[in-house]
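Here the structure comes first, spelled out in structure tokens, and everything after it is commentary.
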Amino acid sequence: MSEAATINIEEDKILTFGRWDAEEVEIEDDGLVRYINLENIMEPRSKGRHTDKQFYKAEVPIVERLLTRMYVAGHRGNKHKITSGRNTGKSDKLWTIIEEAFEQIENETGENPIQVLVNAIENSAPVEEVVTYQRGGARARKAVIVSPQRRVDLALRLLVQGAYENRLASSEDASETLAQELIGAHNNDNNIRAVMTRERKEREAEGAR
């Protein structure tokens, strides 16, 4: 193949947002490799085509999964405000928020923002957690290993919830709070809710063994 043809192929390569290459991202946690899809997409357009397959979420690009979680972050405790109608919107708007957040991440860290996202997921995904079960007339707790799919699900939920709660409590833009949440989790900052929750779950699991 000629050099010119090689250059043309590289120029025609699809990049996420037309700017960042997800394929160059490295996943350090071997348990999550099969469940974090690093396919490049210009815009989210899977439209649920994977939903009839078992473990379909593993086939959805990780940036699109972040967007899907941002529709409804989910609540904790009685804070149902986080699941209310105010937390839904159009894909185009959320996609713009993610793109702006990625720009801020790149400017602040100098790294590929998709790499920062993946590292944030790895640092926010608990390996163990506690389940409660009935033993006779009493309830007992025991530690269990978290499945890789659930680890990614939990990490995305915790990251988006943290960003959304910070957005409600401050005057910062949604893209800024998302960027800071991802950067903090990427740095394994204990002040970030997702990292703090992962550590708490693993401590509880260690005590329940």
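Note on naming: chains are A, B, ... as they come in the structure tokens, residues start from 1 per chain, ligands start from 1 in the order shown.
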Point to revise | Nearby residues (only C-alpha atoms) at most 8 Å from Ser175 in chain A, same-chain spacing under 2 positions excluded, as a PyMOL selection string | key: chain A and resi 97-98+100-101+173+177-179
Within 6 Å of range 180-197 of chain A, counting only C-alpha atoms, which residues show up once you throw out same-chain ones fewer than 5 positions away? Write them as a compact mmCIF listing (two decimals) with all heavy atoms, in the first residue's frame, please.
```
# COMPACT_ATOMS: atom_id res chain seq x y z
N VAL A 116 -9.18 9.26 30.45
CA VAL A 116 -9.54 9.76 31.79
C VAL A 116 -10.86 9.14 32.24
O VAL A 116 -11.01 8.73 33.40
CB VAL A 116 -9.62 11.30 31.78
CG1 VAL A 116 -10.18 11.83 33.11
CG2 VAL A 116 -8.25 11.90 31.52
N ASN A 119 -10.22 5.47 33.21
CA ASN A 119 -9.53 5.40 34.50
C ASN A 119 -10.48 5.75 35.65
O ASN A 119 -10.41 5.16 36.72
CB ASN A 119 -8.34 6.35 34.52
CG ASN A 119 -7.22 5.90 33.60
OD1 ASN A 119 -7.22 4.76 33.13
ND2 ASN A 119 -6.27 6.77 33.34
N ALA A 120 -11.37 6.72 35.40
CA ALA A 120 -12.34 7.10 36.43
C ALA A 120 -13.28 5.94 36.73
O ALA A 120 -13.62 5.69 37.89
CB ALA A 120 -13.14 8.33 35.96
N SER A 124 -13.68 3.80 40.29
CA SER A 124 -14.98 3.95 40.94
C SER A 124 -15.76 2.64 41.00
O SER A 124 -16.86 2.60 41.55
CB SER A 124 -15.83 4.99 40.18
OG SER A 124 -15.15 6.22 40.08
N LEU A 158 -22.43 6.19 39.80
CA LEU A 158 -21.84 7.00 40.87
C LEU A 158 -21.19 8.26 40.33
O LEU A 158 -21.30 9.34 40.93
CB LEU A 158 -20.82 6.16 41.65
CG LEU A 158 -21.38 5.00 42.47
CD1 LEU A 158 -20.25 4.12 42.99
CD2 LEU A 158 -22.24 5.51 43.62
N LEU A 159 -20.52 8.15 39.20
CA LEU A 159 -19.86 9.33 38.60
C LEU A 159 -20.89 10.37 38.16
O LEU A 159 -20.73 11.57 38.42
CB LEU A 159 -19.00 8.90 37.41
CG LEU A 159 -17.72 8.13 37.75
CD1 LEU A 159 -17.15 7.47 36.51
CD2 LEU A 159 -16.69 9.06 38.40
N GLY A 162 -22.62 11.97 41.20
CA GLY A 162 -21.75 12.95 41.85
C GLY A 162 -21.71 14.26 41.07
O GLY A 162 -21.79 15.35 41.65
N ALA A 163 -21.59 14.16 39.75
CA ALA A 163 -21.56 15.37 38.92
C ALA A 163 -22.89 16.12 39.00
O ALA A 163 -22.93 17.35 39.09
CB ALA A 163 -21.25 15.00 37.47
```
Practice item. Considering only C-alpha atoms, return as a ChimeraX atom specification whatever protein or nucleic-acid residues lie within 12 Å of Ala143 in chain A, sequence-local ones (same chain, fewer than 2 positions apart) excluded. Key: /A:126-133,140-141,145-146,201-209
Practice item. Check chain A with DSSP on the backbone and list each residue it calls strand (DSSP E or B), as JSON, numbers by chain. Key: {"A": [16, 20, 37, 61, 128, 129, 130, 131, 132, 133, 134, 135, 138, 139, 140, 141, 142, 143, 144, 145]}
Convert the current residue selection to file output with C-alpha atoms, as a compact mmCIF listing (two decimals), in the first residue's frame.
```txt
# COMPACT_ATOMS: atom_id res chain seq x y z
CA THR A 16 -15.19 10.12 18.85
CA TRP A 20 -10.43 11.76 20.15
CA ASN A 37 -16.29 -0.94 24.51
CA PRO A 61 -19.43 2.27 23.23
CA GLU A 128 -16.63 -6.44 46.45
CA GLU A 129 -19.87 -5.43 48.13
CA VAL A 130 -22.21 -6.72 50.85
CA VAL A 131 -25.50 -8.55 50.34
CA THR A 132 -28.12 -9.32 52.99
CA TYR A 133 -29.86 -12.70 53.17
CA GLN A 134 -32.27 -14.47 55.52
CA ARG A 135 -30.83 -17.04 57.90
CA ALA A 138 -32.40 -13.27 61.36
CA ARG A 139 -30.82 -11.33 58.55
CA ALA A 140 -27.16 -11.95 57.82
CA ARG A 141 -24.64 -10.09 55.69
CA LYS A 142 -21.86 -11.49 53.59
CA ALA A 143 -19.30 -10.21 51.13
CA VAL A 144 -19.67 -11.08 47.44
CA ILE A 145 -17.57 -10.45 44.35
```
Practice item. Enumerate, as JSON, numbers by chain, the complete set of residues in range 153-194 of chain A that a backbone-based DSSP assignment places in alpha helix (DSSP H). Key: {"A": [153, 154, 155, 156, 157, 158, 159, 160, 161, 162, 163, 164, 165, 166, 167, 168, 169, 174, 175, 176, 177, 178, 179, 180, 181, 182, 183, 184, 185, 186, 193, 194]}
Could you write out that same residue set with N, CA, C and O atoms as a compact mmCIF listing (two decimals), in the first residue's frame?
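Okay, this is what ended up in out24.txt:
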```
# COMPACT_ATOMS: atom_id res chain seq x y z
N ASP A 153 -21.52 -0.62 35.55
CA ASP A 153 -22.80 0.05 35.78
C ASP A 153 -22.74 0.95 37.02
O ASP A 153 -23.18 2.10 36.99
N LEU A 154 -22.22 0.40 38.12
CA LEU A 154 -22.14 1.16 39.36
C LEU A 154 -21.23 2.37 39.21
O LEU A 154 -21.54 3.47 39.68
N ALA A 155 -20.09 2.17 38.55
CA ALA A 155 -19.15 3.28 38.39
C ALA A 155 -19.77 4.43 37.61
O ALA A 155 -19.67 5.60 38.01
N LEU A 156 -20.43 4.11 36.50
CA LEU A 156 -21.07 5.16 35.70
C LEU A 156 -22.15 5.87 36.51
O LEU A 156 -22.26 7.10 36.47
N ARG A 157 -22.96 5.10 37.23
CA ARG A 157 -24.03 5.71 38.02
C ARG A 157 -23.46 6.64 39.09
O ARG A 157 -23.93 7.76 39.27
N LEU A 158 -22.43 6.19 39.80
CA LEU A 158 -21.84 7.00 40.87
C LEU A 158 -21.19 8.26 40.33
O LEU A 158 -21.30 9.34 40.93
N LEU A 159 -20.52 8.15 39.20
CA LEU A 159 -19.86 9.33 38.60
C LEU A 159 -20.89 10.37 38.16
O LEU A 159 -20.73 11.57 38.42
N VAL A 160 -21.94 9.91 37.50
CA VAL A 160 -22.96 10.85 37.02
C VAL A 160 -23.74 11.44 38.19
O VAL A 160 -24.05 12.64 38.20
N GLN A 161 -24.06 10.63 39.19
CA GLN A 161 -24.75 11.16 40.37
C GLN A 161 -23.92 12.23 41.06
O GLN A 161 -24.44 13.27 41.46
N GLY A 162 -22.62 11.97 41.20
CA GLY A 162 -21.75 12.95 41.85
C GLY A 162 -21.71 14.26 41.07
O GLY A 162 -21.79 15.35 41.65
N ALA A 163 -21.59 14.16 39.75
CA ALA A 163 -21.56 15.37 38.92
C ALA A 163 -22.89 16.12 39.00
O ALA A 163 -22.93 17.35 39.09
N TYR A 164 -23.99 15.38 38.99
CA TYR A 164 -25.31 16.01 39.02
C TYR A 164 -25.56 16.68 40.37
O TYR A 164 -26.09 17.79 40.43
N GLU A 165 -25.19 16.02 41.46
CA GLU A 165 -25.37 16.63 42.78
C GLU A 165 -24.54 17.90 42.93
O GLU A 165 -24.99 18.89 43.50
N ASN A 166 -23.31 17.88 42.41
CA ASN A 166 -22.47 19.07 42.45
C ASN A 166 -23.08 20.19 41.61
O ASN A 166 -22.98 21.37 41.96
N ARG A 167 -23.71 19.82 40.50
CA ARG A 167 -24.35 20.83 39.64
C ARG A 167 -25.52 21.48 40.38
O ARG A 167 -25.71 22.70 40.30
N LEU A 168 -26.30 20.70 41.13
CA LEU A 168 -27.43 21.25 41.87
C LEU A 168 -26.96 22.16 43.00
O LEU A 168 -27.67 23.10 43.38
N ALA A 169 -25.78 21.88 43.55
CA ALA A 169 -25.30 22.62 44.72
C ALA A 169 -24.41 23.81 44.36
O ALA A 169 -23.95 24.53 45.24
N ALA A 174 -22.94 22.28 33.79
CA ALA A 174 -22.99 20.82 33.87
C ALA A 174 -21.72 20.19 33.32
O ALA A 174 -21.22 19.20 33.86
N SER A 175 -21.19 20.76 32.24
CA SER A 175 -19.97 20.21 31.65
C SER A 175 -18.79 20.34 32.60
O SER A 175 -17.93 19.45 32.68
N GLU A 176 -18.75 21.44 33.35
CA GLU A 176 -17.64 21.65 34.29
C GLU A 176 -17.70 20.68 35.46
O GLU A 176 -16.69 20.11 35.87
N THR A 177 -18.90 20.47 36.01
CA THR A 177 -19.02 19.53 37.13
C THR A 177 -18.72 18.10 36.67
O THR A 177 -18.09 17.34 37.41
N LEU A 178 -19.13 17.74 35.46
CA LEU A 178 -18.83 16.41 34.94
C LEU A 178 -17.33 16.25 34.74
O LEU A 178 -16.75 15.22 35.11
N ALA A 179 -16.70 17.27 34.17
CA ALA A 179 -15.25 17.21 33.95
C ALA A 179 -14.50 17.04 35.26
O ALA A 179 -13.59 16.21 35.38
N GLN A 180 -14.87 17.82 36.29
CA GLN A 180 -14.18 17.74 37.57
C GLN A 180 -14.41 16.40 38.26
O GLN A 180 -13.51 15.87 38.93
N GLU A 181 -15.59 15.84 38.09
CA GLU A 181 -15.89 14.54 38.68
C GLU A 181 -15.02 13.45 38.03
O GLU A 181 -14.45 12.61 38.73
N LEU A 182 -14.91 13.50 36.72
CA LEU A 182 -14.10 12.50 36.01
C LEU A 182 -12.62 12.66 36.31
O LEU A 182 -11.91 11.67 36.52
N ILE A 183 -12.16 13.90 36.36
CA ILE A 183 -10.74 14.13 36.67
C ILE A 183 -10.42 13.67 38.08
O ILE A 183 -9.39 13.03 38.33
N GLY A 184 -11.30 13.99 39.03
CA GLY A 184 -11.08 13.59 40.41
C GLY A 184 -11.03 12.08 40.56
O GLY A 184 -10.16 11.53 41.24
N ALA A 185 -11.97 11.38 39.91
CA ALA A 185 -11.98 9.91 39.98
C ALA A 185 -10.77 9.34 39.26
O ALA A 185 -10.20 8.33 39.69
N HIS A 186 -10.38 9.95 38.17
CA HIS A 186 -9.17 9.53 37.44
C HIS A 186 -7.95 9.60 38.35
O HIS A 186 -7.06 8.74 38.30
N ARG A 193 -17.25 11.51 45.22
CA ARG A 193 -18.26 10.61 45.77
C ARG A 193 -18.13 9.19 45.24
O ARG A 193 -18.28 8.21 45.98
N ALA A 194 -17.84 9.03 43.95
CA ALA A 194 -17.74 7.69 43.38
C ALA A 194 -16.60 6.90 44.01
O ALA A 194 -16.76 5.71 44.34
```
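Counting from CA of Gln115 in chain A, the distance to CA of Lys90 in chain A is 25.4 Å.
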Exercise for review: Point out the residue among A:Glu39, A:Leu117, A:Arg150, A:Val72 with the least atom-to-atom distance to Phe102 in chain A, counting only C-alpha atoms.
Suggested key: A:Leu117
Exercise for review: Might you pull out every residue within 12 Å of Arg65 in chain A, with only C-alpha atoms counted and same-chain residues fewer than 2 positions away left off, and present them as a PyMOL selection string?
Suggested key: chain A and resi 35-39+41+43-48+56-63+67-73+91+94-95+98+117-118+121+152-157+160
Could you save those same residues with C-alpha atoms as a compact mmCIF listing (two decimals), in the first residue's frame?
```txt
# COMPACT_ATOMS: atom_id res chain seq x y z
CA TYR A 35 -17.18 -4.77 29.31
CA ILE A 36 -15.76 -1.41 28.23
CA ASN A 37 -16.29 -0.94 24.51
CA LEU A 38 -13.71 1.43 23.03
CA GLU A 39 -15.35 1.83 19.64
CA ILE A 41 -18.46 7.02 17.38
CA GLU A 43 -22.54 10.53 17.71
CA PRO A 44 -24.69 8.06 19.68
CA ARG A 45 -26.85 6.17 17.26
CA SER A 46 -27.07 2.56 18.47
CA LYS A 47 -30.83 3.12 19.13
CA GLY A 48 -31.12 0.01 21.26
CA TYR A 56 -25.84 -6.18 25.41
CA LYS A 57 -24.40 -3.20 27.27
CA ALA A 58 -20.90 -4.54 26.68
CA GLU A 59 -21.46 -3.87 22.95
CA VAL A 60 -22.35 -0.19 23.47
CA PRO A 61 -19.43 2.27 23.23
CA ILE A 62 -18.48 3.53 26.68
CA VAL A 63 -19.01 7.20 25.78
CA LEU A 67 -24.64 9.66 27.84
CA THR A 68 -27.38 7.08 28.48
CA ARG A 69 -26.72 7.22 32.22
CA MET A 70 -26.94 11.02 32.15
CA TYR A 71 -30.60 10.86 31.11
CA VAL A 72 -31.52 9.75 34.62
CA ALA A 73 -28.69 9.61 37.12
CA SER A 91 -29.36 13.44 23.25
CA LEU A 94 -26.24 15.82 26.65
CA TRP A 95 -23.80 14.98 23.87
CA ILE A 98 -20.00 15.55 27.32
CA LEU A 117 -13.12 8.42 31.64
CA VAL A 118 -11.94 4.80 31.61
CA ILE A 121 -14.56 4.04 35.89
CA VAL A 152 -19.11 -0.69 35.16
CA ASP A 153 -22.80 0.05 35.78
CA LEU A 154 -22.14 1.16 39.36
CA ALA A 155 -19.15 3.28 38.39
CA LEU A 156 -21.07 5.16 35.70
CA ARG A 157 -24.03 5.71 38.02
CA VAL A 160 -22.96 10.85 37.02
```
Exercise for review: Mind giving me the straight-line distance from CA of Glu26 in chain A to CA of Asn112 in chain A in Å, one decimal?
Suggested key: 10.7 Å
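Between Ile14 in chain A and the residues A:Ile27, A:Val33, A:Ile105, A:Met42, the shortest atom-to-atom distance, using only C-alpha atoms, involves A:Met42.
Closest approach to Leu32 in chain A among A:Lys13, A:Arg19, A:Lys93, A:Arg151 is made by A:Arg151 (distances from only C-alpha atoms).
A straight line drawn from CA of Glu99 in chain A to CA of Pro113 in chain A is 9.5 Å long.
Counting only C-alpha atoms and comparing A:Glu172, A:Ala125, A:Pro148, A:Ile114, the residue that lies closest to Arg200 in chain A is A:Ala125.
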